[in-house]
$ cat target.txt   # compact mmCIF, C-alpha atoms
# COMPACT_ATOMS: atom_id res chain seq x y z
CA MET A 5 116.42 107.98 32.73
CA THR A 6 113.81 108.32 35.47
CA ASP A 7 112.99 104.64 35.03
CA TRP A 8 116.60 103.68 35.55
CA LEU A 9 116.78 105.84 38.63
CA LEU A 10 113.65 104.19 40.01
CA ASP A 11 114.92 100.69 39.24
CA GLY A 12 118.30 101.45 40.72
CA LEU A 13 116.81 102.87 43.90
CA LEU A 14 114.45 99.92 44.20
CA VAL A 15 117.25 97.39 43.78
CA PHE A 16 119.37 99.27 46.29
CA ALA A 17 116.47 99.33 48.77
CA LEU A 18 115.90 95.60 48.24
CA LEU A 19 119.51 94.75 48.95
CA ALA A 20 119.69 97.14 51.91
CA THR A 21 116.54 95.77 53.55
CA ALA A 22 117.65 92.18 52.93
CA ALA A 23 121.04 92.83 54.51
CA SER A 24 119.66 94.70 57.49
CA ALA A 25 116.96 92.08 58.04
CA LEU A 26 119.74 89.56 58.53
CA LEU A 27 122.21 91.75 60.39
CA SER A 28 120.04 93.69 62.80
CA ARG A 29 120.57 92.87 66.45
CA ASP A 30 116.95 92.81 67.46
CA LEU A 31 114.89 89.92 66.14
CA PHE A 32 111.65 91.92 66.16
CA ARG A 33 113.25 94.64 64.09
CA ALA A 34 114.65 92.01 61.73
CA VAL A 35 111.16 90.67 61.06
CA VAL A 36 109.71 94.15 60.54
CA VAL A 37 112.46 94.95 58.06
CA PHE A 38 111.76 91.62 56.37
CA ILE A 39 108.11 92.64 55.92
CA ALA A 40 109.32 95.86 54.32
CA PHE A 41 111.49 93.71 52.08
CA GLY A 42 108.38 91.75 51.03
CA LEU A 43 106.56 94.96 50.13
CA LEU A 44 109.53 96.17 48.10
CA MET A 45 109.54 92.81 46.32
CA ALA A 46 105.91 93.43 45.37
CA VAL A 47 106.91 96.77 43.85
CA ALA A 48 109.78 95.05 42.04
CA TRP A 49 107.32 92.57 40.51
CA VAL A 50 105.24 95.47 39.24
CA ARG A 51 108.38 96.94 37.67
CA LEU A 52 109.03 93.54 36.06
CA GLN A 53 105.52 93.66 34.56
CA ALA A 54 104.32 90.72 36.59
CA PRO A 55 101.14 92.01 38.29
CA ASP A 56 100.00 88.50 39.23
CA ILE A 57 103.11 87.87 41.28
CA ALA A 58 102.88 91.37 42.73
CA LEU A 59 99.37 90.66 44.00
CA ALA A 60 100.39 87.34 45.50
CA GLU A 61 103.54 88.80 47.03
CA ALA A 62 101.65 91.72 48.58
CA ALA A 63 99.09 89.39 50.13
CA ILE A 64 101.55 86.69 51.17
CA GLY A 65 104.91 88.37 51.65
CA ALA A 66 103.61 91.35 53.55
CA GLY A 67 100.45 90.02 55.15
CA LEU A 68 100.64 86.36 56.01
CA THR A 69 104.39 86.01 56.49
CA GLY A 70 104.41 89.11 58.64
CA VAL A 71 101.71 87.88 60.99
CA LEU A 72 103.27 84.41 61.15
CA LEU A 73 106.77 85.63 61.93
CA LEU A 74 105.70 88.35 64.36
CA ASP A 75 103.65 85.78 66.23
CA ALA A 76 106.65 83.46 66.39
CA VAL A 77 108.98 86.28 67.49
CA SER A 78 106.73 87.38 70.32
CA HIS A 79 106.55 83.76 71.45
CA LEU A 80 110.26 82.94 71.20
CA GLY A 81 111.42 86.32 72.50
CA ASN A 82 109.11 86.16 75.45
CA LYS A 83 110.32 82.75 76.44
CA ARG A 84 113.94 83.50 75.86
CA GLN A 85 113.76 86.39 78.28
CA THR A 86 112.08 84.19 80.83
CA ALA A 87 114.77 81.58 80.39
CA LEU A 88 117.49 84.19 80.82
CA ARG A 89 115.83 85.50 83.92
CA GLN A 90 115.56 82.00 85.27
CA THR A 91 119.25 81.34 84.82
CA ARG A 92 120.15 84.61 86.47
CA GLY A 93 117.90 83.77 89.37
CA SER A 94 116.09 87.07 89.40
CA HIS A 95 112.40 86.24 89.49
CA ARG A 96 110.85 89.34 88.11
CA GLN A 97 107.27 89.23 86.98
CA GLY A 98 107.22 88.39 83.27
CA SER A 99 104.96 90.59 81.27
CA ASP A 100 102.23 88.61 79.60
CA GLN A 101 102.40 89.40 75.95
CA SER A 102 99.82 87.25 74.31
CA MET B 92 121.40 95.89 29.78
CA THR B 93 117.69 96.17 30.48
CA PRO B 94 115.87 96.71 33.80
CA SER B 95 114.97 93.00 33.81
CA LEU B 96 118.64 92.09 33.78
CA LEU B 97 119.27 94.54 36.61
CA TYR B 98 116.68 92.73 38.71
CA ALA B 99 118.19 89.36 37.81
CA MET B 100 121.57 90.64 39.00
CA ALA B 101 119.96 91.91 42.19
CA GLY B 102 118.54 88.40 42.57
CA ALA B 103 122.04 86.96 42.34
CA VAL B 104 123.24 89.30 45.10
CA LEU B 105 120.18 88.45 47.21
CA CYS B 106 121.07 84.76 46.82
CA GLY B 107 124.54 85.51 48.14
CA ILE B 108 123.19 87.52 51.10
CA GLY B 109 120.70 84.78 51.90
CA LEU B 110 123.35 82.08 51.70
CA PHE B 111 125.57 84.03 54.07
CA GLY B 112 122.72 84.39 56.53
CA LEU B 113 121.78 80.75 56.25
CA LEU B 114 125.33 79.65 57.02
CA ARG B 115 126.36 82.24 59.55
CA LEU B 116 123.36 83.12 61.70
CA SER B 117 122.59 80.82 64.56
CA HIS B 118 119.04 81.76 65.50
CA LEU B 119 116.64 79.49 63.62
CA LEU B 120 114.15 82.26 62.86
CA ARG B 121 116.95 84.30 61.32
CA LYS B 122 117.94 81.29 59.25
CA LEU B 123 114.34 81.16 58.06
CA LEU B 124 114.48 84.84 57.05
CA ALA B 125 117.73 84.19 55.19
CA PHE B 126 116.16 81.21 53.45
CA ASN B 127 113.24 83.37 52.33
CA ILE B 128 115.55 86.08 51.05
CA MET B 129 117.47 83.48 49.07
CA GLY B 130 114.18 82.25 47.62
CA SER B 131 113.22 85.78 46.61
CA GLY B 132 116.57 86.09 44.85
CA VAL B 133 115.90 82.89 42.90
CA PHE B 134 112.45 84.16 41.90
CA LEU B 135 113.92 87.46 40.71
CA ILE B 136 116.44 85.60 38.56
CA MET B 137 113.74 83.29 37.21
CA VAL B 138 111.54 86.16 36.05
CA GLY B 139 114.16 88.76 35.22
CA LEU B 140 116.45 86.65 33.06
CA PRO B 141 113.91 85.38 30.47
CA GLN B 142 112.35 88.83 30.19
CA HIS B 143 115.66 90.34 29.15
CA HIS B 144 114.99 89.56 25.47
CA VAL B 145 111.30 88.99 24.93
CA GLY B 146 109.57 91.30 27.41
CA PRO B 147 106.84 90.03 29.74
CA ASP B 148 106.86 86.25 29.68
CA PRO B 149 103.89 84.52 31.36
CA VAL B 150 105.51 81.08 31.67
CA PRO B 151 108.19 81.89 34.27
CA GLN B 152 105.74 84.24 35.94
CA ALA B 153 103.30 81.38 36.46
CA LEU B 154 106.06 79.13 37.76
CA VAL B 155 107.20 81.79 40.22
CA LEU B 156 103.61 82.28 41.36
CA THR B 157 103.39 78.62 42.37
CA GLY B 158 106.85 78.96 43.87
CA ILE B 159 105.79 81.83 46.13
CA VAL B 160 102.82 79.89 47.46
CA VAL B 161 104.97 76.84 48.13
CA ALA B 162 107.54 79.09 49.83
CA ILE B 163 104.97 80.51 52.25
CA ALA B 164 103.73 77.01 53.02
CA ALA B 165 107.31 75.89 53.68
CA THR B 166 107.89 78.96 55.87
CA ALA B 167 104.75 78.29 57.88
CA LEU B 168 105.73 74.65 58.35
CA ALA B 169 109.21 75.73 59.41
CA VAL B 170 107.72 78.11 61.98
CA VAL B 171 105.65 75.24 63.36
CA LEU B 172 108.75 73.06 63.58
CA ILE B 173 110.89 75.81 65.13
CA ARG B 174 108.30 76.52 67.79
CA ARG B 175 107.98 72.86 68.57
CA TYR B 176 111.77 72.48 68.71
CA TYR B 177 112.02 75.48 70.99
CA HIS B 178 109.32 74.08 73.19
CA GLN B 179 111.13 70.76 73.50
CA SER B 180 114.72 71.91 73.84
CA GLY B 181 114.46 75.48 75.14
CA MET B 182 116.95 76.61 72.50
CA ALA B 183 116.31 78.75 69.46
CA SER B 184 119.42 77.57 67.65
CA LEU B 185 120.69 74.21 66.55
CA GLU B 186 122.98 72.12 68.71
CA GLY B 187 126.66 72.57 68.07
CA GLU B 188 126.21 76.19 67.09
CA ALA B 189 126.90 78.53 69.93
CA ASP B 190 123.85 80.57 70.84
CA SER B 191 125.46 83.94 70.38
CA ARG B 192 124.22 87.08 72.09
CA GLU B 193 120.49 87.48 71.42
CA GLY B 194 120.90 85.18 68.46
CA GLY B 195 122.34 88.16 66.64
CA PRO B 196 125.01 88.04 63.98
CA LEU B 197 128.71 87.72 64.60
CA MET C 129 139.52 84.79 66.51
CA ILE C 130 138.51 81.52 64.88
CA ARG C 131 134.96 82.84 64.83
CA ALA C 132 135.95 85.97 62.94
CA LEU C 133 138.05 83.91 60.56
CA ARG C 134 135.14 81.60 59.86
CA THR C 135 132.85 84.55 59.24
CA CYS C 136 135.38 86.01 56.85
CA PHE C 137 135.67 82.72 55.02
CA ILE C 138 131.91 82.29 54.71
CA ALA C 139 131.51 85.89 53.55
CA LEU C 140 134.16 85.38 50.88
CA ALA C 141 132.53 82.15 49.75
CA CYS C 142 129.13 83.84 49.49
CA ILE C 143 130.56 86.77 47.56
CA ALA C 144 132.21 84.30 45.19
CA PHE C 145 128.90 82.46 44.87
CA SER C 146 127.10 85.70 43.99
CA ALA C 147 129.81 86.66 41.52
CA VAL C 148 129.66 83.31 39.72
CA LEU C 149 125.87 83.48 39.65
CA GLY C 150 125.99 87.04 38.27
CA ALA C 151 128.56 86.07 35.65
CA SER C 152 126.47 83.15 34.47
CA ILE C 153 123.38 85.40 34.30
CA TRP C 154 125.40 87.82 32.20
CA VAL C 155 126.52 85.03 29.85
CA ILE C 156 123.02 83.59 29.51
CA ALA C 157 121.58 87.06 28.91
CA GLY C 158 124.09 87.64 26.11
CA ASP C 159 122.81 84.55 24.31
CA PRO C 160 119.54 85.20 22.44
CA GLY C 161 118.37 81.62 22.87
CA GLN C 162 116.19 79.50 20.64
CA GLY C 163 113.23 78.43 22.72
CA ASN C 164 110.41 80.86 22.20
CA LEU C 165 107.87 79.89 24.80
CA SER C 166 105.99 83.16 24.91
CA GLN C 167 105.35 83.09 21.16
CA LEU C 168 104.16 79.48 21.40
CA LEU C 169 101.91 80.55 24.24
CA SER C 170 100.34 83.48 22.42
CA GLU C 171 99.65 81.24 19.42
CA ASN C 172 97.79 78.73 21.58
CA MET C 173 95.96 81.17 23.83
CA SER C 174 92.66 80.71 21.99
CA ARG C 175 92.59 77.03 22.94
CA SER C 176 93.19 77.58 26.64
CA GLY C 177 89.68 78.69 27.64
CA VAL C 178 90.83 81.82 29.49
CA GLU C 179 92.13 85.17 28.31
CA HIS C 180 94.84 85.83 30.88
CA PRO C 181 98.12 84.15 29.87
CA VAL C 182 99.38 83.49 33.40
CA THR C 183 96.15 81.71 34.35
CA ALA C 184 96.29 79.77 31.08
CA VAL C 185 99.82 78.58 31.88
CA LEU C 186 98.94 77.73 35.47
CA LEU C 187 95.74 75.80 34.86
CA ASN C 188 96.00 74.54 31.33
CA PHE C 189 99.42 74.37 29.71
CA ARG C 190 101.43 73.63 32.83
CA SER C 191 98.65 72.33 35.04
CA TYR C 192 100.80 69.38 36.04
CA ASP C 193 102.98 71.79 38.05
CA THR C 194 99.93 73.25 39.73
CA LEU C 195 98.62 69.79 40.57
CA LEU C 196 101.91 68.84 42.22
CA GLU C 197 102.04 72.22 43.94
CA ILE C 198 98.67 71.76 45.62
CA GLY C 199 99.85 68.25 46.54
CA VAL C 200 102.89 69.74 48.28
CA LEU C 201 100.66 72.25 50.07
CA VAL C 202 98.35 69.52 51.33
CA ILE C 203 101.31 67.52 52.63
CA ALA C 204 102.69 70.61 54.37
CA GLY C 205 99.29 71.26 55.93
CA ILE C 206 98.97 67.70 57.19
CA ALA C 207 102.50 67.82 58.60
CA GLY C 208 101.76 71.10 60.34
CA ILE C 209 98.55 69.84 61.89
CA SER C 210 100.16 66.63 63.07
CA MET C 211 102.94 68.65 64.73
CA SER C 212 100.55 70.97 66.49
CA LYS C 213 100.27 70.70 70.21
CA THR C 214 97.29 72.83 70.95
CA THR C 215 94.36 70.86 72.27
CA SER C 216 91.70 72.76 70.43
CA LEU C 217 92.99 74.48 67.37
CA GLU C 218 91.28 77.65 68.46
CA ASP C 219 92.17 78.49 71.99
CA PRO C 220 90.97 81.61 73.78
CA GLU C 221 94.40 82.41 75.19
CA LEU C 222 95.59 83.57 71.80
CA ARG C 223 92.87 86.11 71.31
CA THR C 224 94.00 89.66 70.98
CA SER C 225 91.88 91.92 73.12
CA ASP C 226 92.44 94.96 71.02
CA PRO C 227 89.40 97.22 70.56
CA LEU C 228 90.82 98.53 67.30
CA LEU C 229 90.99 95.02 65.91
CA TYR C 230 87.37 94.37 66.87
CA ALA C 231 86.28 97.58 65.20
CA LEU C 232 88.26 96.84 62.06
CA GLN C 233 87.04 93.27 61.84
CA ARG C 234 83.46 94.25 61.11
CA TRP C 235 84.61 96.22 58.12
CA PHE C 236 87.49 94.12 56.93
CA ILE C 237 86.17 90.59 56.96
CA PRO C 238 83.28 91.11 54.51
CA LEU C 239 85.48 93.36 52.41
CA MET C 240 88.24 90.77 52.23
CA LEU C 241 85.80 87.99 51.38
CA VAL C 242 84.46 90.07 48.50
CA LEU C 243 88.02 90.86 47.43
CA ALA C 244 88.91 87.17 47.40
CA GLY C 245 85.88 86.40 45.26
CA TYR C 246 86.76 89.21 42.89
CA LEU C 247 90.36 88.07 42.58
CA LEU C 248 89.21 84.55 41.80
CA TRP C 249 86.84 85.80 39.14
CA ALA C 250 89.33 88.29 37.71
CA GLY C 251 91.82 85.50 37.04
CA ALA C 252 90.11 84.71 33.74
CA ASP C 253 91.19 87.84 31.93
CA ARG C 254 93.09 90.07 34.35
CA PRO C 255 95.79 89.60 36.95
CA GLY C 256 94.32 87.51 39.72
CA GLY C 257 93.39 83.90 40.25
CA ALA C 258 93.32 81.05 42.70
CA PHE C 259 96.60 81.76 44.45
CA GLN C 260 95.98 85.41 45.22
CA ALA C 261 92.38 84.72 46.21
CA GLY C 262 93.51 81.85 48.44
CA ALA C 263 96.06 84.09 50.13
CA VAL C 264 93.47 86.80 50.80
CA LEU C 265 91.04 84.20 52.09
CA ALA C 266 93.70 82.80 54.42
CA ALA C 267 94.47 86.31 55.65
CA THR C 268 90.77 86.76 56.42
CA GLY C 269 90.89 83.57 58.44
CA VAL C 270 93.97 84.79 60.33
CA LEU C 271 92.19 88.05 61.14
CA MET C 272 89.17 86.12 62.38
CA ARG C 273 91.37 83.96 64.53
CA LEU C 274 93.22 86.90 66.06
CA GLY C 275 89.86 88.37 66.98
CA GLY C 276 88.78 85.11 68.54
CA ILE C 277 85.86 84.43 66.24
CA PRO C 278 85.14 80.73 66.66
CA MET C 279 85.89 78.68 63.58
CA GLU C 280 84.33 75.27 63.91
CA PHE C 281 85.77 73.99 60.66
CA LEU C 282 89.32 74.20 61.96
CA ARG C 283 88.80 71.55 64.62
CA PRO C 284 90.24 68.22 63.58
CA GLY C 285 87.34 66.56 61.89
CA LEU C 286 85.56 65.93 58.68
CA LEU C 287 85.33 69.55 57.56
CA LEU C 288 89.05 70.20 58.02
CA ARG C 289 90.04 67.07 56.13
CA LEU C 290 87.56 67.79 53.38
CA GLY C 291 88.78 71.36 53.02
CA LEU C 292 92.42 70.31 52.87
CA ALA C 293 91.89 67.55 50.35
CA LEU C 294 89.17 69.12 48.19
CA GLY C 295 91.41 71.07 45.79
CA PHE C 296 93.85 68.27 45.22
CA SER C 297 91.20 65.57 44.78
CA VAL C 298 89.05 67.56 42.36
CA PHE C 299 92.12 68.45 40.33
CA LEU C 300 93.28 64.84 40.31
CA LEU C 301 89.79 63.68 39.38
CA ALA C 302 89.75 66.00 36.37
CA ALA C 303 93.15 64.67 35.35
CA VAL C 304 92.25 61.02 35.72
CA VAL C 305 88.89 61.37 33.97
CA SER C 306 90.65 62.74 30.92
CA VAL C 307 93.01 59.73 30.96
CA ILE C 308 90.07 57.32 31.21
CA GLY C 309 88.42 59.17 28.34
CA GLY C 310 91.41 58.17 26.20
CA ASP C 311 93.07 61.55 26.25
CA ALA C 312 96.37 62.69 27.72
CA PHE C 313 96.79 63.23 31.46
CA LEU C 314 95.23 66.57 32.40
CA ALA C 315 94.02 67.32 28.87
CA TYR C 316 90.67 69.07 29.21
CA PRO C 317 88.02 67.96 26.71
CA PRO C 318 87.46 70.63 24.04
CA GLY C 319 84.80 73.12 24.94
CA MET C 320 84.96 72.15 28.60
CA ALA C 321 88.15 74.03 29.39
CA LYS C 322 86.53 77.19 30.75
CA PRO C 323 84.04 75.59 33.19
CA LEU C 324 86.60 73.02 34.31
CA ILE C 325 89.21 75.68 34.98
CA LEU C 326 86.65 77.71 36.90
CA VAL C 327 85.68 74.74 39.09
CA ILE C 328 89.28 73.76 39.71
CA GLU C 329 90.25 77.33 40.53
CA SER C 330 87.43 77.67 43.05
CA VAL C 331 88.33 74.49 44.91
CA LEU C 332 92.04 75.39 44.72
CA THR C 333 91.27 78.73 46.36
CA LEU C 334 89.45 77.00 49.19
CA SER C 335 92.19 74.44 49.72
CA ILE C 336 95.06 76.93 49.58
CA ALA C 337 93.31 79.15 52.12
CA MET C 338 92.60 76.14 54.31
CA VAL C 339 96.20 74.88 54.22
CA LEU C 340 97.70 78.28 55.00
CA LEU C 341 95.19 78.90 57.77
CA ALA C 342 95.76 75.44 59.25
CA LEU C 343 99.51 76.02 59.24
CA PHE C 344 99.05 79.36 60.96
CA VAL C 345 96.65 77.97 63.50
CA SER C 346 98.78 74.95 64.36
CA ALA C 347 101.88 77.07 65.07
CA PRO C 348 101.29 77.96 68.73
CA VAL C 349 102.44 75.55 71.40
CA ASN C 350 100.60 75.64 74.68
CA ASP C 351 103.02 76.39 77.50
CA ALA C 352 100.55 75.51 80.18
CA GLU C 353 101.03 71.78 79.73
CA ASP C 354 104.75 71.82 80.45
CA PRO C 355 105.49 73.36 83.83
CA GLU C 356 109.28 73.25 83.42
CA GLU C 357 109.05 75.62 80.49
CA GLY C 358 106.40 77.93 81.83
CA ASP C 359 106.74 81.35 83.30
CA PRO C 360 108.34 81.18 86.75
CA SER C 361 105.73 83.41 88.35
$ encode --input "target.txt" --output "structure tokens"
Amino acid sequence: MTDWLLDGLLVFALLATAASALLSRDLFRAVVVFIAFGLLMAVAWVRLQAPDIALAEAAIGAGLTGVLLLDAVSHLGNKRQTALRQTRGSHRQGSDQS
Amino acid sequence: MTPSLLYAMAGAVLCGIGLFGLLRLSHLLRKLLAFNIMGSGVFLIMVGLPQHHVGPDPVPQALVLTGIVVAIAATALAVVLIRRYYHQSGMASLEGEADSREGGPL
Amino acid sequence: MIRALRTCFIALACIAFSAVLGASIWVIAGDPGQGNLSQLLSENMSRSGVEHPVTAVLLNFRSYDTLLEIGVLVIAGIAGISMSKTTSLEDPELRTSDPLLYALQRWFIPLMLVLAGYLLWAGADRPGGAFQAGAVLAATGVLMRLGGIPMEFLRPGLLLRLGLALGFSVFLLAAVVSVIGGDAFLAYPPGMAKPLILVIESVLTLSIAMVLLALFVSAPVNDAEDPEEGDPS
């Protein structure tokens, strides 16, 4: 019974994080939620008795993908704001975020 | 109904969510997230479905392990391409798709 | 209006897709099936040279998949490097000047290297293996890069090429040698399975880490070269 509850909660959390990663307004938040999704996937692999995949998913899904996407978001977001500012003609000092 | 089957079903739903994101979202990075979620759904189906009858099955697990590594390589390559595309065109979404507010949904 | 209608339509289509997928999973799950791969696997485990079934599948029974997989990774790495626009693949602008990161680096990098080695070694009889070790090794490289530790081997040159191609070429060599020896493609000679798998796993770890790191490193695009895109200030 407890196992079913755990599995059900985990599946619900997986679906919820997946949906909110796609639907959230802020791109940075979307990526952070996606990293949480990767960690939950690692737990799901443990529940599926696949420790090998869980190890790989924890290292890749949470670590590498997270760094890669966060790096890309900070780059794209930074430049999008600059572009917006340029079109509006207000030349405020852009914060350097490297 | 076993827990494995539950995860396989969750994988099916994840595939649907990912497909929706892939088709509907305009920002390329969001499309990439949707693509990854769809991939995770496929992996869940691939491991969960065979384990429904026989318990832990190393063959699909090994295949999914290679799949995950290929998926991260594809994601990294896509990030390289997206950044290059953004650098060249100044847009974070494909042509023909309206760049909606903040690249957000709907 | 049209936009909302389109969204509705796509949502309906995706829900239908999920439903059909779920229904087919249900039908397949109801059918016991004939193929009994896991039984076949456990019967042949003694011939594989390792004790952990997943490693045995990856590097012995289905090693063809793994060979093609590392091939795909190498191609992705080459594509990523050729798309990169940074002049040196390690440019000081990207360094994170975070004191916490510097402090953590001293502890984490040796620890992660040891962890990668352990994971590689553990693959023989416990969960672990080349893929996990490669991922941890790549993460170590990413950490080093964020801290601005110079990494000579990532410059385009002999070491980078060697690192990218090493896993694939050693794997292919093992496969071709067995063909020349009159055996099947990728059939390890009896008795040699364990050392061969160990060698292949080690070079695979190196190559996987190298490809992932190269893809991460080649992602940034220097803004400084294109004034029309740069910051207005």
$ residues_around --input "target.txt" --residues "stretch 13-26 of chain A" --least-positions-apart "2" --cutoff "9 Å" --atoms "all atoms listed in the file" --output "VMD selection string"
(chain A and resid 8 to 11 28 to 29 31 33 to 38 40 to 42 44 to 45 47 to 48) or (chain B and resid 97 to 98 101 104 to 105 108 to 109 112 116 121 to 122 124 to 125 128 195 to 196)
$ residues_around --input "target.txt" --residues "B:Phe134" --least-positions-apart "4" --cutoff "7 Å" --atoms "all atoms listed in the file" --output "VMD selection string"
chain B and resid 130 138 155
$ closest_residue --input "target.txt" --among "C:Leu133, C:Met272, C:Ile336, C:Ala321" --to "C:Met173" --atoms "all atoms listed in the file"
C:Ala321
$ axis_aligned_box --input "target.txt" --around "stretch 106-125 of chain B" --padding-each-side "3 Å" --output "lines of an AutoDock Vina configuration file"
center_x = 120.3
center_y = 83.5
center_z = 56.2
size_x = 18.2
size_y = 14.0
size_z = 24.7
$ interface_residues --input "target.txt" --of "chain C" --to "chain B" --cutoff "8 Å" --atoms "all atoms listed in the file" --output "MDAnalysis selection string"
chainID C and resid 131:132 135 138:139 142:143 145:147 149:150 153 157 160 165:166 181:183 185:186 193:194 197 200:201 204:205 207:208 211:212 259 339:340 343:344 346:349 351 357
$ closest_residue --input "target.txt" --among "C:Arg134, C:Lys322, C:His180, C:Arg175" --to "chain A" --atoms "only C-alpha atoms"
C:His180
$ atom_distance --input "target.txt" --atom1 "atom CA of C:Ala141" --atom2 "atom CA of B:Ser117"
17.9 Å
$ atom_distance --input "target.txt" --atom1 "atom CA of A:Gly12" --atom2 "atom CA of A:Gly70"
25.8 Å
